[in-house]
Amino acid sequence: MRTITDANLITAGDLPPAIGDGKVTEYDRNARSLNQLSICQPEPLSALGPTAIKSRSFHARYRSGDRPFPRSSLDDEPDRYTVALQFSDPAAAQRAKSIYENWVTGCADRTDLPTGVHGMATSVDWSPVIADPAQAEVAEVAYQRDGSSGGNRYFESVGLTVLEDRMMITVYVFYTDESPYSVNLDEEEAGYAHPQLGLIDAAAKRLSE
């Protein structure tokens with residue numbers, strides 16, 4: 001039976017720079033538990049049935065005055081989470097992908113969101129991302145927390161990348177009034193490349209190791 005090693009984990013060097021000339025570095029202080037990697041995750045990752053799990057988290061650092069986003073609780077937390085999961089076979093990986101998809105899609109209807117979370121967007125859609133030879137997709141939710149200021153919200157995206165009997169879950173979180181990012185860069189008014197595109201590209205390569 002195959003397993004995963006550190007070679008299957010995304011590294012800081014795999015990721016593009018953050019907007020505003022930010023430097024992405026490995027960071028695990030105040031990191032989220034794998035039992036709630038996303039606010040839309042109602043059960044531990046063990047519920048997906050993996051045979052092995054490995055994770056790594058990151059944080060974008062900026063020089064003073066160069067920050068593109070308002071101050072928030074994310075200043076002292078990771079803003080990028082990556083988790084590699086090994087499964088017994090490709091069918092098990094696909095089942096896990098379907099379960100996590102449903103968790104995220106049903107996020108707005110949940111009544112047990114983390115304490116202080118409110119104002120959740122009412123619908124969530126998955127967007128496919130090219131990551132040959134892997135399958136990949138991204139969904140994003142937006143919400144406020146107690147203490148959010150003005151029209152600022154937390155934008156939290158989840159990426160799912162599946163290659164054979166492995167899956168990588170990637171989570172990216174940022175805080176602002178309006179997202180500057182686009183997943184589809186072919187759109188007429190596309191913004192900056194969404195960080196999930198870099199995460200998924202790195203995930204597809206690492207899962208093949």
# chains A, B, ... in the order shown; residues from 1 in each chain; ligands from 1

call {"tool": "residues_around", "arguments": {"residues": "A:Leu207", "least_positions_apart": "3", "cutoff": "6 Å", "atoms": "only C-alpha atoms", "output": "NGL selection string"}}
result
:A and (8 or 203-204)

call {"tool": "write_last_selection", "arguments": {"atoms": "N, CA, C and O atoms", "output": "mmCIF file, in the first residue's frame"}}
result
data_model
loop_
_atom_site.group_PDB
_atom_site.id
_atom_site.type_symbol
_atom_site.label_atom_id
_atom_site.label_comp_id
_atom_site.auth_asym_id
_atom_site.auth_seq_id
_atom_site.Cartn_x
_atom_site.Cartn_y
_atom_site.Cartn_z
ATOM 1 N N ASN A 8 5.670 14.739 -0.630
ATOM 2 C CA ASN A 8 4.344 15.019 -1.193
ATOM 3 C C ASN A 8 3.728 16.301 -0.652
ATOM 4 O O ASN A 8 2.614 16.655 -1.052
ATOM 5 N N ALA A 203 0.112 21.381 -5.793
ATOM 6 C CA ALA A 203 -0.481 20.136 -5.274
ATOM 7 C C ALA A 203 -0.416 19.025 -6.303
ATOM 8 O O ALA A 203 -0.050 17.876 -5.985
ATOM 9 N N ALA A 204 -0.745 19.332 -7.555
ATOM 10 C CA ALA A 204 -0.712 18.308 -8.612
ATOM 11 C C ALA A 204 0.688 17.738 -8.772
ATOM 12 O O ALA A 204 0.860 16.513 -8.964
#

call {"tool": "closest_atom_pairs", "arguments": {"of": "stretch 67-94 of chain A", "to": "stretch 30-47 of chain A", "cutoff": "8 Å", "atoms": "only C-alpha atoms", "output": "JSON lines"}}
result
{"residue": "A:Asp76", "atom": "CA", "partner": "A:Asn30", "partner_atom": "CA", "distance": 7.0}
{"residue": "A:Glu77", "atom": "CA", "partner": "A:Asn30", "partner_atom": "CA", "distance": 5.2}
{"residue": "A:Pro78", "atom": "CA", "partner": "A:Ala31", "partner_atom": "CA", "distance": 5.9}
{"residue": "A:Tyr81", "atom": "CA", "partner": "A:Leu37", "partner_atom": "CA", "distance": 7.7}

call {"tool": "closest_residue", "arguments": {"among": "A:Gly198, A:Gly20, A:Gly150, A:Gly191", "to": "A:Ala131", "atoms": "only C-alpha atoms"}}
result
A:Gly198

call {"tool": "select_by_dssp", "arguments": {"residues": "stretch 31-71 of chain A", "states": "strand (DSSP E)", "output": "PyMOL selection string"}}
result
chain A and resi 52-61

call {"tool": "atom_distance", "arguments": {"atom1": "atom CA of A:Val162", "atom2": "atom CA of A:Trp126"}}
result
14.5 Å

call {"tool": "atom_distance", "arguments": {"atom1": "atom CA of A:Tyr172", "atom2": "atom CA of A:Phe87"}}
result
23.6 Å

call {"tool": "residues_around", "arguments": {"residues": "A:Val183", "least_positions_apart": "5", "cutoff": "7 Å", "atoms": "only C-alpha atoms", "output": "list in words"}}
result
Ala193, His194 and Leu197 of chain A

call {"tool": "closest_residue", "arguments": {"among": "A:Met1, A:Gly65, A:Leu163, A:Ala12", "to": "A:Glu209", "atoms": "only C-alpha atoms"}}
result
A:Leu163

call {"tool": "closest_residue", "arguments": {"among": "A:Val124, A:Val129, A:Ala91, A:Val173", "to": "A:Cys107", "atoms": "only C-alpha atoms"}}
result
A:Val124

call {"tool": "residues_around", "arguments": {"residues": "A:Glu178", "least_positions_apart": "2", "cutoff": "10 Å", "atoms": "only C-alpha atoms", "output": "short mmCIF file (atom, residue, chain, number, x, y, z; two decimals) with C-alpha atoms, in the first residue's frame"}}
result
data_model
loop_
_atom_site.label_atom_id
_atom_site.label_comp_id
_atom_site.auth_asym_id
_atom_site.auth_seq_id
_atom_site.Cartn_x
_atom_site.Cartn_y
_atom_site.Cartn_z
CA ALA A 142 -17.34 34.85 2.37
CA GLY A 151 -17.86 46.06 4.86
CA ASN A 152 -14.82 43.85 5.35
CA ARG A 153 -15.31 40.09 5.20
CA TYR A 154 -13.24 36.95 5.43
CA PHE A 155 -12.90 35.23 2.07
CA TYR A 175 -9.76 39.68 4.90
CA THR A 176 -10.90 42.68 2.87
CA PRO A 180 -9.03 41.24 -5.97
CA TYR A 181 -8.64 37.68 -7.26
#

call {"tool": "closest_residue", "arguments": {"among": "A:Thr122, A:Ser73, A:Thr82, A:Thr105", "to": "A:Ala202", "atoms": "only C-alpha atoms"}}
result
A:Thr82

call {"tool": "select_by_dssp", "arguments": {"residues": "stretch 90-127 of chain A", "states": "helix (DSSP H, G or I)", "output": "PyMOL selection string"}}
result
chain A and resi 90-105+107-109

call {"tool": "closest_residue", "arguments": {"among": "A:Arg2, A:His118, A:Arg166, A:Arg63", "to": "A:Leu48", "atoms": "only C-alpha atoms"}}
result
A:Arg166

call {"tool": "residues_around", "arguments": {"residues": "A:Val138", "least_positions_apart": "6", "cutoff": "12 Å", "atoms": "only C-alpha atoms", "output": "PDB file with all heavy atoms, in the first residue's frame"}}
result
ATOM      1  N   LYS A  97     -13.425  13.170  -1.998  1.00  0.00           N
ATOM      2  CA  LYS A  97     -13.623  14.438  -2.712  1.00  0.00           C
ATOM      3  C   LYS A  97     -15.105  14.817  -2.714  1.00  0.00           C
ATOM      4  O   LYS A  97     -15.463  15.970  -2.456  1.00  0.00           O
ATOM      5  CB  LYS A  97     -13.099  14.316  -4.132  1.00  0.00           C
ATOM      6  CG  LYS A  97     -13.387  15.500  -5.042  1.00  0.00           C
ATOM      7  CD  LYS A  97     -12.695  15.284  -6.385  1.00  0.00           C
ATOM      8  CE  LYS A  97     -13.131  16.297  -7.425  1.00  0.00           C
ATOM      9  NZ  LYS A  97     -14.478  15.994  -7.964  1.00  0.00           N
ATOM     10  N   TYR A 100     -16.203  16.074   0.761  1.00  0.00           N
ATOM     11  CA  TYR A 100     -15.751  17.430   1.086  1.00  0.00           C
ATOM     12  C   TYR A 100     -16.488  18.458   0.233  1.00  0.00           C
ATOM     13  O   TYR A 100     -16.820  19.559   0.711  1.00  0.00           O
ATOM     14  CB  TYR A 100     -14.233  17.564   0.912  1.00  0.00           C
ATOM     15  CG  TYR A 100     -13.625  18.505   1.923  1.00  0.00           C
ATOM     16  CD1 TYR A 100     -12.975  18.039   3.057  1.00  0.00           C
ATOM     17  CD2 TYR A 100     -13.755  19.894   1.781  1.00  0.00           C
ATOM     18  CE1 TYR A 100     -12.449  18.906   4.002  1.00  0.00           C
ATOM     19  CE2 TYR A 100     -13.238  20.769   2.713  1.00  0.00           C
ATOM     20  CZ  TYR A 100     -12.592  20.263   3.825  1.00  0.00           C
ATOM     21  OH  TYR A 100     -12.090  21.131   4.767  1.00  0.00           O
ATOM     22  N   GLU A 101     -16.753  18.126  -1.027  1.00  0.00           N
ATOM     23  CA  GLU A 101     -17.551  19.024  -1.870  1.00  0.00           C
ATOM     24  C   GLU A 101     -18.887  19.339  -1.208  1.00  0.00           C
ATOM     25  O   GLU A 101     -19.309  20.505  -1.156  1.00  0.00           O
ATOM     26  CB  GLU A 101     -17.818  18.354  -3.223  1.00  0.00           C
ATOM     27  CG  GLU A 101     -16.662  18.328  -4.173  1.00  0.00           C
ATOM     28  CD  GLU A 101     -16.994  17.520  -5.425  1.00  0.00           C
ATOM     29  OE1 GLU A 101     -18.012  16.796  -5.417  1.00  0.00           O
ATOM     30  OE2 GLU A 101     -16.225  17.613  -6.390  1.00  0.00           O
ATOM     31  N   VAL A 104     -18.697  21.733   1.785  1.00  0.00           N
ATOM     32  CA  VAL A 104     -18.535  23.143   1.420  1.00  0.00           C
ATOM     33  C   VAL A 104     -19.810  23.694   0.780  1.00  0.00           C
ATOM     34  O   VAL A 104     -20.254  24.798   1.103  1.00  0.00           O
ATOM     35  CB  VAL A 104     -17.326  23.320   0.475  1.00  0.00           C
ATOM     36  CG1 VAL A 104     -17.216  24.769   0.008  1.00  0.00           C
ATOM     37  CG2 VAL A 104     -16.038  22.896   1.182  1.00  0.00           C
ATOM     38  N   THR A 105     -20.410  22.921  -0.107  1.00  0.00           N
ATOM     39  CA  THR A 105     -21.632  23.374  -0.780  1.00  0.00           C
ATOM     40  C   THR A 105     -22.759  23.646   0.222  1.00  0.00           C
ATOM     41  O   THR A 105     -23.543  24.576   0.056  1.00  0.00           O
ATOM     42  CB  THR A 105     -22.095  22.332  -1.811  1.00  0.00           C
ATOM     43  OG1 THR A 105     -21.037  22.107  -2.751  1.00  0.00           O
ATOM     44  CG2 THR A 105     -23.337  22.803  -2.547  1.00  0.00           C
ATOM     45  N   VAL A 124     -22.809  28.529  -2.820  1.00  0.00           N
ATOM     46  CA  VAL A 124     -21.403  28.200  -3.037  1.00  0.00           C
ATOM     47  C   VAL A 124     -21.308  27.368  -4.305  1.00  0.00           C
ATOM     48  O   VAL A 124     -22.030  26.384  -4.464  1.00  0.00           O
ATOM     49  CB  VAL A 124     -20.823  27.404  -1.853  1.00  0.00           C
ATOM     50  CG1 VAL A 124     -19.353  27.101  -2.098  1.00  0.00           C
ATOM     51  CG2 VAL A 124     -21.000  28.161  -0.544  1.00  0.00           C
ATOM     52  N   ASP A 125     -20.430  27.762  -5.217  1.00  0.00           N
ATOM     53  CA  ASP A 125     -20.244  27.035  -6.468  1.00  0.00           C
ATOM     54  C   ASP A 125     -18.801  26.579  -6.601  1.00  0.00           C
ATOM     55  O   ASP A 125     -17.871  27.288  -6.185  1.00  0.00           O
ATOM     56  CB  ASP A 125     -20.595  27.927  -7.667  1.00  0.00           C
ATOM     57  CG  ASP A 125     -22.052  28.356  -7.663  1.00  0.00           C
ATOM     58  OD1 ASP A 125     -22.921  27.488  -7.449  1.00  0.00           O
ATOM     59  OD2 ASP A 125     -22.314  29.556  -7.873  1.00  0.00           O
ATOM     60  N   TRP A 126     -18.617  25.422  -7.212  1.00  0.00           N
ATOM     61  CA  TRP A 126     -17.282  24.891  -7.483  1.00  0.00           C
ATOM     62  C   TRP A 126     -16.869  25.270  -8.896  1.00  0.00           C
ATOM     63  O   TRP A 126     -17.655  25.160  -9.831  1.00  0.00           O
ATOM     64  CB  TRP A 126     -17.267  23.377  -7.326  1.00  0.00           C
ATOM     65  CG  TRP A 126     -17.334  22.930  -5.896  1.00  0.00           C
ATOM     66  CD1 TRP A 126     -18.454  22.580  -5.199  1.00  0.00           C
ATOM     67  CD2 TRP A 126     -16.240  22.811  -4.992  1.00  0.00           C
ATOM     68  NE1 TRP A 126     -18.125  22.247  -3.910  1.00  0.00           N
ATOM     69  CE2 TRP A 126     -16.774  22.381  -3.752  1.00  0.00           C
ATOM     70  CE3 TRP A 126     -14.868  23.027  -5.086  1.00  0.00           C
ATOM     71  CZ2 TRP A 126     -15.969  22.156  -2.631  1.00  0.00           C
ATOM     72  CZ3 TRP A 126     -14.068  22.806  -3.977  1.00  0.00           C
ATOM     73  CH2 TRP A 126     -14.616  22.375  -2.763  1.00  0.00           C
ATOM     74  N   SER A 127     -15.626  25.719  -9.048  1.00  0.00           N
ATOM     75  CA  SER A 127     -15.074  26.066 -10.360  1.00  0.00           C
ATOM     76  C   SER A 127     -13.944  25.112 -10.693  1.00  0.00           C
ATOM     77  O   SER A 127     -13.015  24.941  -9.890  1.00  0.00           O
ATOM     78  CB  SER A 127     -14.525  27.503 -10.352  1.00  0.00           C
ATOM     79  OG  SER A 127     -15.547  28.431 -10.054  1.00  0.00           O
ATOM     80  N   PRO A 128     -13.984  24.463 -11.855  1.00  0.00           N
ATOM     81  CA  PRO A 128     -12.900  23.547 -12.227  1.00  0.00           C
ATOM     82  C   PRO A 128     -11.611  24.316 -12.502  1.00  0.00           C
ATOM     83  O   PRO A 128     -11.631  25.461 -12.957  1.00  0.00           O
ATOM     84  CB  PRO A 128     -13.424  22.867 -13.487  1.00  0.00           C
ATOM     85  CG  PRO A 128     -14.405  23.841 -14.064  1.00  0.00           C
ATOM     86  CD  PRO A 128     -15.031  24.546 -12.888  1.00  0.00           C
ATOM     87  N   VAL A 129     -10.492  23.683 -12.206  1.00  0.00           N
ATOM     88  CA  VAL A 129      -9.169  24.265 -12.456  1.00  0.00           C
ATOM     89  C   VAL A 129      -8.338  23.231 -13.205  1.00  0.00           C
ATOM     90  O   VAL A 129      -8.303  22.060 -12.819  1.00  0.00           O
ATOM     91  CB  VAL A 129      -8.465  24.646 -11.130  1.00  0.00           C
ATOM     92  CG1 VAL A 129      -7.043  25.132 -11.397  1.00  0.00           C
ATOM     93  CG2 VAL A 129      -9.255  25.713 -10.384  1.00  0.00           C
ATOM     94  N   ILE A 130      -7.668  23.651 -14.258  1.00  0.00           N
ATOM     95  CA  ILE A 130      -6.818  22.732 -15.022  1.00  0.00           C
ATOM     96  C   ILE A 130      -5.572  22.400 -14.208  1.00  0.00           C
ATOM     97  O   ILE A 130      -4.848  23.298 -13.770  1.00  0.00           O
ATOM     98  CB  ILE A 130      -6.425  23.348 -16.372  1.00  0.00           C
ATOM     99  CG1 ILE A 130      -7.665  23.554 -17.243  1.00  0.00           C
ATOM    100  CG2 ILE A 130      -5.416  22.460 -17.096  1.00  0.00           C
ATOM    101  CD1 ILE A 130      -7.397  24.278 -18.543  1.00  0.00           C
ATOM    102  N   ALA A 131      -5.343  21.119 -13.995  1.00  0.00           N
ATOM    103  CA  ALA A 131      -4.192  20.677 -13.195  1.00  0.00           C
ATOM    104  C   ALA A 131      -3.721  19.310 -13.687  1.00  0.00           C
ATOM    105  O   ALA A 131      -3.434  18.425 -12.899  1.00  0.00           O
ATOM    106  CB  ALA A 131      -4.570  20.609 -11.717  1.00  0.00           C
ATOM    107  N   GLU A 156     -12.766  32.820   2.209  1.00  0.00           N
ATOM    108  CA  GLU A 156     -12.109  31.540   2.474  1.00  0.00           C
ATOM    109  C   GLU A 156     -12.381  30.589   1.305  1.00  0.00           C
ATOM    110  O   GLU A 156     -13.539  30.265   1.012  1.00  0.00           O
ATOM    111  CB  GLU A 156     -12.631  30.930   3.776  1.00  0.00           C
ATOM    112  CG  GLU A 156     -11.990  29.601   4.116  1.00  0.00           C
ATOM    113  CD  GLU A 156     -12.383  29.122   5.502  1.00  0.00           C
ATOM    114  OE1 GLU A 156     -12.372  29.948   6.449  1.00  0.00           O
ATOM    115  OE2 GLU A 156     -12.689  27.930   5.642  1.00  0.00           O
ATOM    116  N   SER A 157     -11.328  30.180   0.643  1.00  0.00           N
ATOM    117  CA  SER A 157     -11.470  29.274  -0.497  1.00  0.00           C
ATOM    118  C   SER A 157     -10.922  27.902  -0.144  1.00  0.00           C
ATOM    119  O   SER A 157      -9.991  27.762   0.651  1.00  0.00           O
ATOM    120  CB  SER A 157     -10.737  29.823  -1.724  1.00  0.00           C
ATOM    121  OG  SER A 157      -9.363  30.017  -1.443  1.00  0.00           O
ATOM    122  N   VAL A 158     -11.518  26.896  -0.762  1.00  0.00           N
ATOM    123  CA  VAL A 158     -11.086  25.513  -0.596  1.00  0.00           C
ATOM    124  C   VAL A 158     -10.773  24.946  -1.970  1.00  0.00           C
ATOM    125  O   VAL A 158     -11.590  25.047  -2.895  1.00  0.00           O
ATOM    126  CB  VAL A 158     -12.178  24.651   0.075  1.00  0.00           C
ATOM    127  CG1 VAL A 158     -11.732  23.183   0.137  1.00  0.00           C
ATOM    128  CG2 VAL A 158     -12.488  25.168   1.473  1.00  0.00           C
ATOM    129  N   GLY A 159      -9.592  24.363  -2.117  1.00  0.00           N
ATOM    130  CA  GLY A 159      -9.221  23.684  -3.342  1.00  0.00           C
ATOM    131  C   GLY A 159      -9.128  22.188  -3.090  1.00  0.00           C
ATOM    132  O   GLY A 159      -8.617  21.767  -2.041  1.00  0.00           O
ATOM    133  N   LEU A 160      -9.640  21.398  -4.009  1.00  0.00           N
ATOM    134  CA  LEU A 160      -9.542  19.939  -3.932  1.00  0.00           C
ATOM    135  C   LEU A 160      -8.813  19.453  -5.178  1.00  0.00           C
ATOM    136  O   LEU A 160      -9.265  19.706  -6.308  1.00  0.00           O
ATOM    137  CB  LEU A 160     -10.929  19.301  -3.858  1.00  0.00           C
ATOM    138  CG  LEU A 160     -11.811  19.684  -2.663  1.00  0.00           C
ATOM    139  CD1 LEU A 160     -13.171  19.015  -2.774  1.00  0.00           C
ATOM    140  CD2 LEU A 160     -11.139  19.309  -1.338  1.00  0.00           C
ATOM    141  N   THR A 161      -7.693  18.788  -4.981  1.00  0.00           N
ATOM    142  CA  THR A 161      -6.898  18.256  -6.086  1.00  0.00           C
ATOM    143  C   THR A 161      -6.741  16.757  -5.881  1.00  0.00           C
ATOM    144  O   THR A 161      -6.224  16.325  -4.845  1.00  0.00           O
ATOM    145  CB  THR A 161      -5.511  18.921  -6.135  1.00  0.00           C
ATOM    146  OG1 THR A 161      -5.657  20.345  -6.178  1.00  0.00           O
ATOM    147  CG2 THR A 161      -4.721  18.454  -7.355  1.00  0.00           C
ATOM    148  N   MET A 168      -5.201  16.389  -2.267  1.00  0.00           N
ATOM    149  CA  MET A 168      -4.659  17.530  -1.525  1.00  0.00           C
ATOM    150  C   MET A 168      -5.797  18.522  -1.299  1.00  0.00           C
ATOM    151  O   MET A 168      -6.496  18.900  -2.244  1.00  0.00           O
ATOM    152  CB  MET A 168      -3.535  18.217  -2.293  1.00  0.00           C
ATOM    153  CG  MET A 168      -2.821  19.321  -1.511  1.00  0.00           C
ATOM    154  SD  MET A 168      -1.485  18.707  -0.442  1.00  0.00           S
ATOM    155  CE  MET A 168      -0.191  18.404  -1.665  1.00  0.00           C
ATOM    156  N   ILE A 169      -5.979  18.913  -0.047  1.00  0.00           N
ATOM    157  CA  ILE A 169      -6.921  19.977   0.296  1.00  0.00           C
ATOM    158  C   ILE A 169      -6.107  21.237   0.543  1.00  0.00           C
ATOM    159  O   ILE A 169      -5.150  21.218   1.331  1.00  0.00           O
ATOM    160  CB  ILE A 169      -7.736  19.627   1.552  1.00  0.00           C
ATOM    161  CG1 ILE A 169      -8.489  18.311   1.368  1.00  0.00           C
ATOM    162  CG2 ILE A 169      -8.718  20.752   1.877  1.00  0.00           C
ATOM    163  CD1 ILE A 169      -9.162  17.814   2.629  1.00  0.00           C
ATOM    164  N   THR A 170      -6.463  22.316  -0.124  1.00  0.00           N
ATOM    165  CA  THR A 170      -5.773  23.591   0.082  1.00  0.00           C
ATOM    166  C   THR A 170      -6.796  24.638   0.504  1.00  0.00           C
ATOM    167  O   THR A 170      -7.875  24.735  -0.083  1.00  0.00           O
ATOM    168  CB  THR A 170      -5.049  24.043  -1.208  1.00  0.00           C
ATOM    169  OG1 THR A 170      -5.951  24.007  -2.311  1.00  0.00           O
ATOM    170  CG2 THR A 170      -3.871  23.125  -1.505  1.00  0.00           C
ATOM    171  N   VAL A 171      -6.462  25.397   1.520  1.00  0.00           N
ATOM    172  CA  VAL A 171      -7.346  26.444   2.033  1.00  0.00           C
ATOM    173  C   VAL A 171      -6.583  27.768   2.038  1.00  0.00           C
ATOM    174  O   VAL A 171      -5.429  27.820   2.484  1.00  0.00           O
ATOM    175  CB  VAL A 171      -7.844  26.118   3.453  1.00  0.00           C
ATOM    176  CG1 VAL A 171      -8.649  27.280   4.035  1.00  0.00           C
ATOM    177  CG2 VAL A 171      -8.680  24.835   3.449  1.00  0.00           C
ATOM    178  N   TYR A 172      -7.213  28.813   1.516  1.00  0.00           N
ATOM    179  CA  TYR A 172      -6.616  30.139   1.544  1.00  0.00           C
ATOM    180  C   TYR A 172      -7.634  31.112   2.122  1.00  0.00           C
ATOM    181  O   TYR A 172      -8.810  31.115   1.728  1.00  0.00           O
ATOM    182  CB  TYR A 172      -6.218  30.594   0.135  1.00  0.00           C
ATOM    183  CG  TYR A 172      -5.725  32.020   0.076  1.00  0.00           C
ATOM    184  CD1 TYR A 172      -4.584  32.410   0.771  1.00  0.00           C
ATOM    185  CD2 TYR A 172      -6.414  32.989  -0.645  1.00  0.00           C
ATOM    186  CE1 TYR A 172      -4.137  33.723   0.735  1.00  0.00           C
ATOM    187  CE2 TYR A 172      -5.978  34.306  -0.691  1.00  0.00           C
ATOM    188  CZ  TYR A 172      -4.842  34.669   0.003  1.00  0.00           C
ATOM    189  OH  TYR A 172      -4.409  35.972  -0.013  1.00  0.00           O
ATOM    190  N   SER A 182      -9.177  36.368  -9.211  1.00  0.00           N
ATOM    191  CA  SER A 182     -10.018  35.620 -10.138  1.00  0.00           C
ATOM    192  C   SER A 182      -9.460  34.209 -10.291  1.00  0.00           C
ATOM    193  O   SER A 182      -8.239  34.027 -10.397  1.00  0.00           O
ATOM    194  CB  SER A 182     -10.057  36.285 -11.511  1.00  0.00           C
ATOM    195  OG  SER A 182     -10.655  37.563 -11.448  1.00  0.00           O
ATOM    196  N   VAL A 183     -10.362  33.223 -10.319  1.00  0.00           N
ATOM    197  CA  VAL A 183      -9.955  31.847 -10.615  1.00  0.00           C
ATOM    198  C   VAL A 183      -9.849  31.660 -12.125  1.00  0.00           C
ATOM    199  O   VAL A 183      -8.932  31.007 -12.620  1.00  0.00           O
ATOM    200  CB  VAL A 183     -10.962  30.842 -10.016  1.00  0.00           C
ATOM    201  CG1 VAL A 183     -10.678  29.425 -10.509  1.00  0.00           C
ATOM    202  CG2 VAL A 183     -10.905  30.890  -8.492  1.00  0.00           C
ATOM    203  N   ASN A 184     -10.764  32.269 -12.870  1.00  0.00           N
ATOM    204  CA  ASN A 184     -10.756  32.202 -14.329  1.00  0.00           C
ATOM    205  C   ASN A 184     -10.087  33.461 -14.881  1.00  0.00           C
ATOM    206  O   ASN A 184     -10.702  34.530 -14.937  1.00  0.00           O
ATOM    207  CB  ASN A 184     -12.182  32.069 -14.870  1.00  0.00           C
ATOM    208  CG  ASN A 184     -12.221  31.912 -16.375  1.00  0.00           C
ATOM    209  OD1 ASN A 184     -11.176  31.918 -17.044  1.00  0.00           O
ATOM    210  ND2 ASN A 184     -13.418  31.783 -16.923  1.00  0.00           N
ATOM    211  N   HIS A 194      -5.825  33.990  -8.586  1.00  0.00           N
ATOM    212  CA  HIS A 194      -6.192  33.549  -7.242  1.00  0.00           C
ATOM    213  C   HIS A 194      -5.075  32.668  -6.679  1.00  0.00           C
ATOM    214  O   HIS A 194      -4.537  31.805  -7.387  1.00  0.00           O
ATOM    215  CB  HIS A 194      -7.496  32.754  -7.294  1.00  0.00           C
ATOM    216  CG  HIS A 194      -8.184  32.656  -5.978  1.00  0.00           C
ATOM    217  ND1 HIS A 194      -7.655  31.932  -4.922  1.00  0.00           N
ATOM    218  CD2 HIS A 194      -9.350  33.181  -5.520  1.00  0.00           C
ATOM    219  CE1 HIS A 194      -8.473  32.030  -3.882  1.00  0.00           C
ATOM    220  NE2 HIS A 194      -9.501  32.784  -4.222  1.00  0.00           N
ATOM    221  N   PRO A 195      -4.675  32.887  -5.422  1.00  0.00           N
ATOM    222  CA  PRO A 195      -3.628  32.048  -4.817  1.00  0.00           C
ATOM    223  C   PRO A 195      -3.918  30.554  -4.899  1.00  0.00           C
ATOM    224  O   PRO A 195      -2.998  29.733  -4.875  1.00  0.00           O
ATOM    225  CB  PRO A 195      -3.590  32.543  -3.371  1.00  0.00           C
ATOM    226  CG  PRO A 195      -3.983  33.978  -3.471  1.00  0.00           C
ATOM    227  CD  PRO A 195      -5.055  34.001  -4.529  1.00  0.00           C
ATOM    228  N   GLN A 196      -5.191  30.179  -4.989  1.00  0.00           N
ATOM    229  CA  GLN A 196      -5.509  28.762  -5.125  1.00  0.00           C
ATOM    230  C   GLN A 196      -4.935  28.174  -6.419  1.00  0.00           C
ATOM    231  O   GLN A 196      -4.632  26.974  -6.474  1.00  0.00           O
ATOM    232  CB  GLN A 196      -7.023  28.537  -5.086  1.00  0.00           C
ATOM    233  CG  GLN A 196      -7.630  28.555  -3.692  1.00  0.00           C
ATOM    234  CD  GLN A 196      -7.314  27.297  -2.890  1.00  0.00           C
ATOM    235  OE1 GLN A 196      -6.649  26.374  -3.346  1.00  0.00           O
ATOM    236  NE2 GLN A 196      -7.814  27.263  -1.667  1.00  0.00           N
ATOM    237  N   LEU A 197      -4.757  28.984  -7.448  1.00  0.00           N
ATOM    238  CA  LEU A 197      -4.194  28.473  -8.691  1.00  0.00           C
ATOM    239  C   LEU A 197      -2.759  28.005  -8.467  1.00  0.00           C
ATOM    240  O   LEU A 197      -2.345  26.954  -8.975  1.00  0.00           O
ATOM    241  CB  LEU A 197      -4.257  29.541  -9.788  1.00  0.00           C
ATOM    242  CG  LEU A 197      -5.661  30.029 -10.164  1.00  0.00           C
ATOM    243  CD1 LEU A 197      -5.583  31.090 -11.254  1.00  0.00           C
ATOM    244  CD2 LEU A 197      -6.540  28.873 -10.608  1.00  0.00           C
ATOM    245  N   GLY A 198      -1.993  28.769  -7.716  1.00  0.00           N
ATOM    246  CA  GLY A 198      -0.625  28.359  -7.392  1.00  0.00           C
ATOM    247  C   GLY A 198      -0.595  27.163  -6.457  1.00  0.00           C
ATOM    248  O   GLY A 198       0.241  26.268  -6.600  1.00  0.00           O
ATOM    249  N   LEU A 199      -1.522  27.144  -5.493  1.00  0.00           N
ATOM    250  CA  LEU A 199      -1.593  26.020  -4.561  1.00  0.00           C
ATOM    251  C   LEU A 199      -1.945  24.728  -5.290  1.00  0.00           C
ATOM    252  O   LEU A 199      -1.347  23.675  -5.045  1.00  0.00           O
ATOM    253  CB  LEU A 199      -2.626  26.312  -3.473  1.00  0.00           C
ATOM    254  CG  LEU A 199      -2.231  27.355  -2.421  1.00  0.00           C
ATOM    255  CD1 LEU A 199      -3.466  27.844  -1.665  1.00  0.00           C
ATOM    256  CD2 LEU A 199      -1.209  26.787  -1.449  1.00  0.00           C
ATOM    257  N   ILE A 200      -2.915  24.792  -6.194  1.00  0.00           N
ATOM    258  CA  ILE A 200      -3.347  23.602  -6.918  1.00  0.00           C
ATOM    259  C   ILE A 200      -2.270  23.114  -7.881  1.00  0.00           C
ATOM    260  O   ILE A 200      -2.033  21.907  -8.021  1.00  0.00           O
ATOM    261  CB  ILE A 200      -4.676  23.875  -7.649  1.00  0.00           C
ATOM    262  CG1 ILE A 200      -5.811  23.914  -6.617  1.00  0.00           C
ATOM    263  CG2 ILE A 200      -4.956  22.841  -8.720  1.00  0.00           C
ATOM    264  CD1 ILE A 200      -7.145  24.348  -7.170  1.00  0.00           C
TER     265      ILE A 200
END

call {"tool": "closest_residue", "arguments": {"among": "A:Asn102, A:Thr111, A:Ser208, A:Ser149", "to": "A:Pro133", "atoms": "only C-alpha atoms"}}
result
A:Ser208

call {"tool": "atom_distance", "arguments": {"atom1": "atom CA of A:Ala190", "atom2": "atom CA of A:Asp132"}}
result
22.5 Å

call {"tool": "residues_around", "arguments": {"residues": "A:Thr3", "least_positions_apart": "2", "cutoff": "8 Å", "atoms": "only C-alpha atoms", "output": "list in words"}}
result
Met1, Thr5, Thr51, Ala52 and Gln86 of chain A
